[in-house]
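Participant: Take this structure, written in structure tokens, and hold onto it; I'll ask about it next.
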Amino acid sequence: MSMNSEGRPTTPNAVTTDEHKYESFSGHVGLRLAEPLIFEIGSKDRTGVDVEEIDGFVSNLGALERTGGTGCPGLAEPDVVRHYTRLSRRNYGIDMGVFPLGSCTMKHNPRLNEKMARLPGFGDIHPLQPQSTVQGALGLMEELSHWLMELTGMPAVALSPKAGAHGELCGIMAIRKALEARGDAREVILCPESAHGTNPATAAFCGYKVKSIPAKENGRVDIEALKAALDDTVAAVMVTNPNTCGLFENEVREIADAIHAAGALFYCDGANFNAIVGKARPGDLGVDAMHINLHKTFSTPHGGGGPGSGPVVFSDRLKDHVPLPFVVKTTEGLVLKEHEDGDNDPSFGRLVAFHGQMGMYVRALSYMLSHGVDGCRQASEDAVLNANYIKACLDDLMTVSFEGPCMHEVLFDDEFLKGTGVTTLDFAKAMIDEGYHPMTMYFPLVVHGAMLVEPTESESKYNLDQFIRSMRGLAAAAKAGETERFTGAPYFAPWKRLDETQAARNPVLRWSPEAEAAE
Amino acid sequence: MLKFTEDHEWIEYVDGIATVGITDYAQQALGDVVFVELPEVGATYSKGDEAAVVESVKAASEVYAPLSGEIKAVNHDLEGTPALVNSAAMDAGWFFKMKLEDEGELDDLMDEDAYNEFLASLD
């Protein structure tokens with residue numbers, strides 16, 4: 001068996017257990033059904049739909065006519081339904097169990113949101129419909145905008161960005177437009193180590209040179225280093241607050257003042273806004289632009305259940321530069337302003353083809369209105385309480401990276417695993433055997449072997465206690481020398497330890513029929 | 001002449017050309033390297049600029065230009081076989097070669113003994 005440099009086998013499923021006494025004839029394992037790719041169960045010789053040959057059909061496509069098949073698998077509806085239902089049973093989501101994926105804020109999606117999003121006036125409309133026929137939907141966008149500005153204390157908002165990183169792009173493009181408008185285009189963006197990885201990526205994508213600001217011993221931005229790096233070449237500073245160590249940047253006002261004194265602008269990554277809704281307003285903290293992940297803070301579906309949505313709020317310094325389109329009130333009702341007024345329009349232009357994710361707007365507003373400000377605030381308080389409860393219950397067995405209370409997520413490092421032969425990756429795989437989606441691992445980079453745990457605010461004490469018991473059991477097992485329990489994990493998952501090195505070095509991203517693959 | 005930086009890069013300086021790679025300690029900390037992004041030949045960097053990216057199963061990290069100068073050659077073998085960084089970090093796993101702007105900058109770097117002391121201070 002070949003091993004990689006970390007001593008793990010390089011072939012998947014190389015670790016076996018005596019889990020099953022017999023092999024089944026079907027390949028299924030009880031009601032856990034083996035499921036090939038849809039192309040593998042389909043057949044070119046079959047079709048799920050019969051279309052009659054048309055007499056006297058003449059094609060006008062000429063040389064453009066397709067000569068081969070489409071490659072679509074010939075399957076009937078029941079086969080397709082079974083395929084995706086079987087796959088969905090392999091999935092793990094927030095509707096299945098605890099999902100402590102730090103920095104991702106996996107929130108419960110209230111079913112009321114779904115009911116609202118399916119109302120025909122929201123669910124069955126089309127972006128190209130005359131605006132006079134979708135006044136209700138435009139009204140909802142206006143109301144959502146109002147509440148996002150109210151909760152953040154900011155005077156302007158762009159709803160259209162499709163996700164957090166897209167929101168960052170929107171914010172930085174507005175910052176560039178504002179700086180260019182005052183004839184002061186600058187070339188550097190500063191990103192602290194404790195910021196999200198998407199921040200430097202966004203800055204680089206927008207053509208800026210990225211400079212990193214180190215973190216202090218207490219996991220927060222080194223404000224002296226920041227001040228030293230601020231000069232008249234710096235366009236903006238991107239700070240994630242609360243940051244990826246699960247800590248509030250308590251010097252944020254001083255940071256904002258230093259940024260503004262240097263003539264730069266303050267972008268805040270609002271991915272962790274769920275920790276402070278109703279408690280602190282970014283507008284009061286000196287922020288100039290911040291994205292809000294509706295899927296992290298306002299309970300719209302996350303991950304594969306998306307789509308995401310990342311509206312951006314803006315300060316007075318940037319409010320004239322928001323992208324098109326946006327809703328304006330006129331005497332003839334609500335109108336989407338879709339076009340710039342000549343070349344001197346201060347907006348930086350259009351960011352997306354239409355107006356953004358309508359379905360997510362409905363779900364987010366449904367969450368806000370059903371919770372109210374007090375309910376939103378309590379969600380934030382519960383998120384912070386849950387993370388601190390986990391921290392307090394695991395503090396003696398695992399190593400918490402930074403002292404003092406945390407916000408909505410708690411950061412551990414691998415110090416407690418030192419000398420056990422168990423790595424953060426092994427620990428995460430063992431969590432799968434316990435029936436949990438692993439926490440975020442090896443991020444943030446500011447600590448060694450990071451494990452970032454973020455419990456959903458809606459988890460009950462019963463669920464949290466069960467999770468804590470598992471984590472304590474695993475930590476104790478690692479220290480007791482049960483190394484194999486970890487290095488061979490997961491033992492109970494449908495697929496055992498996958499070879500992530502081979503997957504990254506030689507990714508197979510496209511299925512090919514066997515004949516083609518043999519070429 | 002062999003020199004080291006606190007960012008765990010090594011620099012071998014011979015006849016005006018500095019060959020740069022990451023140290024054995026760095027490759028062990030990174031784990032299995034799966035991708036390396038190299039600079040363009042002809043590009044110039046100031047000391048401390050991001051010149052390359054090394055991605056492992058755990059993380060993506062920048063490789064900083066340890067000295068100021070112009071890129072004269074890059075190790076194309078790493079593009080197809082990033083595992084060289086793991087198996088031969090100090091040798092066939094080199095990243096790029098630079099023509100230095102200022103040889104004096106070499107004096108600011110650590111020699112092998114100083115680097116080993118630096119490593120010992122990390123644990």
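Identifiers for the structure tokens are assigned positionally: chains receive A, B, ... in sequence, residues are indexed from 1 per chain, and ligands are indexed from 1 in the order shown.
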Please report, as a Markdown table, each residue of chain A lying at most 10 Å from chain B, together with the nearest pair of atoms and the separation in Å rounded to one decimal; use only C-alpha atoms, and order rows by chain and ascending residue number.
Facilitator:
| residue | atom | partner | partner_atom | distance |
| --- | --- | --- | --- | --- |
| A:Asn4 | CA | B:Asp32 | CA | 7.5 |
| A:Ser5 | CA | B:Asp32 | CA | 6.4 |
| A:Glu6 | CA | B:Gly31 | CA | 6.8 |
| A:Gly197 | CA | B:Ala60 | CA | 9.8 |
| A:Lys209 | CA | B:Asp49 | CA | 9.6 |
| A:Val210 | CA | B:Glu50 | CA | 9.0 |
| A:Lys211 | CA | B:Asp49 | CA | 8.8 |
| A:Leu425 | CA | B:Lys58 | CA | 8.9 |
| A:Met441 | CA | B:Lys58 | CA | 8.4 |
| A:Tyr442 | CA | B:Lys58 | CA | 6.2 |
| A:Phe443 | CA | B:Ala59 | CA | 8.1 |
| A:Pro444 | CA | B:Ala59 | CA | 9.7 |
| A:Leu445 | CA | B:Ala59 | CA | 8.0 |
| A:His448 | CA | B:Ala29 | CA | 9.3 |
| A:Gly449 | CA | B:Lys58 | CA | 9.1 |
| A:Glu500 | CA | B:Val57 | CA | 6.8 |
| A:Thr501 | CA | B:Val57 | CA | 6.2 |
| A:Gln502 | CA | B:Val34 | CA | 8.2 |
| A:Ala503 | CA | B:Val34 | CA | 9.0 |
| A:Ala504 | CA | B:Val34 | CA | 5.8 |
| A:Arg505 | CA | B:Val34 | CA | 5.1 |
| A:Asn506 | CA | B:Val34 | CA | 8.9 |
Participant: Using backbone DSSP assignments, extract all strand (DSSP E) residues from segment 295-434 of chain A; output them as a PyMOL selection string.
Facilitator: chain A and resi 312-314+326-330+333-337+399-400+410-413
Participant: Using DSSP on the backbone coordinates, identify the residues of chain B assigned to helix (DSSP H, G or I); present them as a PyMOL selection string.
Facilitator: chain B and resi 24-30+77-80+84-87+103-108+112-122
Participant: Produce a file of the selected residues containing N, CA, C and O atoms, as a tab-separated table (two decimals), in the first residue's frame.
Facilitator:
chain	number	residue	atom	x	y	z
B	24	ASP	N	12.60	22.47	4.38
B	24	ASP	CA	12.02	21.19	4.74
B	24	ASP	C	10.98	21.37	5.84
B	24	ASP	O	9.92	20.74	5.83
B	25	TYR	N	11.28	22.28	6.77
B	25	TYR	CA	10.33	22.57	7.85
B	25	TYR	C	9.01	23.07	7.25
B	25	TYR	O	7.93	22.64	7.64
B	26	ALA	N	9.11	23.96	6.26
B	26	ALA	CA	7.91	24.54	5.64
B	26	ALA	C	7.10	23.47	4.93
B	26	ALA	O	5.88	23.42	5.06
B	27	GLN	N	7.77	22.57	4.19
B	27	GLN	CA	7.01	21.56	3.45
B	27	GLN	C	6.33	20.59	4.41
B	27	GLN	O	5.21	20.14	4.17
B	28	GLN	N	6.99	20.32	5.55
B	28	GLN	CA	6.36	19.43	6.53
B	28	GLN	C	5.14	20.08	7.15
B	28	GLN	O	4.11	19.45	7.36
B	29	ALA	N	5.25	21.38	7.44
B	29	ALA	CA	4.13	22.10	8.05
B	29	ALA	C	2.96	22.19	7.07
B	29	ALA	O	1.80	22.11	7.47
B	30	LEU	N	3.27	22.34	5.79
B	30	LEU	CA	2.21	22.48	4.78
B	30	LEU	C	1.49	21.17	4.53
B	30	LEU	O	0.31	21.14	4.24
B	77	ASP	N	9.09	22.10	-13.52
B	77	ASP	CA	8.78	20.74	-13.05
B	77	ASP	C	7.72	20.75	-11.95
B	77	ASP	O	6.96	19.79	-11.80
B	78	LEU	N	7.68	21.84	-11.18
B	78	LEU	CA	6.72	21.90	-10.07
B	78	LEU	C	5.28	21.97	-10.57
B	78	LEU	O	4.35	21.59	-9.87
B	79	GLU	N	5.09	22.46	-11.81
B	79	GLU	CA	3.73	22.59	-12.34
B	79	GLU	C	3.10	21.23	-12.54
B	79	GLU	O	1.93	21.03	-12.26
B	80	GLY	N	3.90	20.28	-13.03
B	80	GLY	CA	3.37	18.94	-13.24
B	80	GLY	C	3.56	18.03	-12.03
B	80	GLY	O	2.77	17.13	-11.79
B	84	LEU	N	7.35	17.36	-5.72
B	84	LEU	CA	8.79	17.61	-5.57
B	84	LEU	C	9.08	18.51	-4.38
B	84	LEU	O	10.13	18.41	-3.75
B	85	VAL	N	8.14	19.42	-4.08
B	85	VAL	CA	8.33	20.33	-2.94
B	85	VAL	C	8.41	19.51	-1.65
B	85	VAL	O	9.17	19.84	-0.74
B	86	ASN	N	7.64	18.41	-1.58
B	86	ASN	CA	7.68	17.56	-0.39
B	86	ASN	C	8.92	16.66	-0.39
B	86	ASN	O	9.60	16.53	0.62
B	87	SER	N	9.20	16.07	-1.55
B	87	SER	CA	10.25	15.04	-1.56
B	87	SER	C	11.65	15.64	-1.63
B	87	SER	O	12.60	15.02	-1.17
B	103	GLU	N	23.19	42.96	-3.62
B	103	GLU	CA	23.73	41.82	-2.89
B	103	GLU	C	23.74	42.06	-1.38
B	103	GLU	O	23.71	41.12	-0.60
B	104	GLY	N	23.78	43.33	-1.01
B	104	GLY	CA	23.82	43.68	0.41
B	104	GLY	C	22.63	43.13	1.18
B	104	GLY	O	22.73	42.90	2.39
B	105	GLU	N	21.52	42.95	0.48
B	105	GLU	CA	20.32	42.44	1.16
B	105	GLU	C	20.55	41.05	1.74
B	105	GLU	O	19.85	40.63	2.66
B	106	LEU	N	21.50	40.31	1.17
B	106	LEU	CA	21.81	38.96	1.67
B	106	LEU	C	22.24	38.99	3.13
B	106	LEU	O	22.00	38.06	3.89
B	107	ASP	N	22.87	40.11	3.50
B	107	ASP	CA	23.41	40.20	4.86
B	107	ASP	C	22.30	40.18	5.92
B	107	ASP	O	22.53	39.81	7.06
B	108	ASP	N	21.07	40.59	5.51
B	108	ASP	CA	19.96	40.63	6.47
B	108	ASP	C	19.39	39.24	6.74
B	108	ASP	O	18.59	39.06	7.65
B	112	GLU	N	22.64	29.10	8.10
B	112	GLU	CA	22.02	27.84	8.48
B	112	GLU	C	21.92	27.67	10.01
B	112	GLU	O	20.88	27.24	10.53
B	113	ASP	N	22.98	28.04	10.70
B	113	ASP	CA	22.97	27.91	12.16
B	113	ASP	C	21.90	28.80	12.78
B	113	ASP	O	21.15	28.37	13.66
B	114	ALA	N	21.83	30.03	12.29
B	114	ALA	CA	20.85	30.97	12.83
B	114	ALA	C	19.43	30.47	12.55
B	114	ALA	O	18.54	30.58	13.41
B	115	TYR	N	19.24	29.89	11.36
B	115	TYR	CA	17.91	29.37	11.02
B	115	TYR	C	17.53	28.20	11.93
B	115	TYR	O	16.40	28.10	12.41
B	116	ASN	N	18.49	27.31	12.17
B	116	ASN	CA	18.20	26.17	13.05
B	116	ASN	C	17.85	26.64	14.46
B	116	ASN	O	16.97	26.08	15.11
B	117	GLU	N	18.55	27.68	14.90
B	117	GLU	CA	18.23	28.26	16.22
B	117	GLU	C	16.82	28.83	16.21
B	117	GLU	O	16.04	28.66	17.15
B	118	PHE	N	16.51	29.52	15.06
B	118	PHE	CA	15.17	30.11	14.91
B	118	PHE	C	14.09	29.02	14.98
B	118	PHE	O	13.07	29.17	15.64
B	119	LEU	N	14.35	27.89	14.31
B	119	LEU	CA	13.39	26.78	14.33
B	119	LEU	C	13.21	26.25	15.75
B	119	LEU	O	12.09	25.97	16.19
B	120	ALA	N	14.31	26.13	16.46
B	120	ALA	CA	14.25	25.60	17.82
B	120	ALA	C	13.42	26.52	18.70
B	120	ALA	O	12.70	26.06	19.60
B	121	SER	N	13.48	27.83	18.41
B	121	SER	CA	12.74	28.80	19.23
B	121	SER	C	11.24	28.73	18.97
B	121	SER	O	10.44	29.25	19.73
B	122	LEU	N	10.83	28.07	17.86
B	122	LEU	CA	9.40	28.02	17.51
B	122	LEU	C	8.65	26.97	18.33
B	122	LEU	O	7.45	27.06	18.48
Participant: Rank nothing, just name the residue among A:Phe326, A:Tyr491, A:Tyr208, A:Phe314 nearest to Pro155 of chain A, using only C-alpha atoms.
Facilitator: A:Phe314
Participant: In Å to one decimal, how far is atom CA of Asp345 of chain A from atom CA of Thr331 of chain A?
Facilitator: 22.6 Å
Participant: To one decimal in Å, tell me the separation between atom CA of Leu394 of chain A and atom CA of Glu434 of chain A.
Facilitator: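 Taking atom CA of Leu394 of chain A and atom CA of Glu434 of chain A, their separation equals 16.5 Å.
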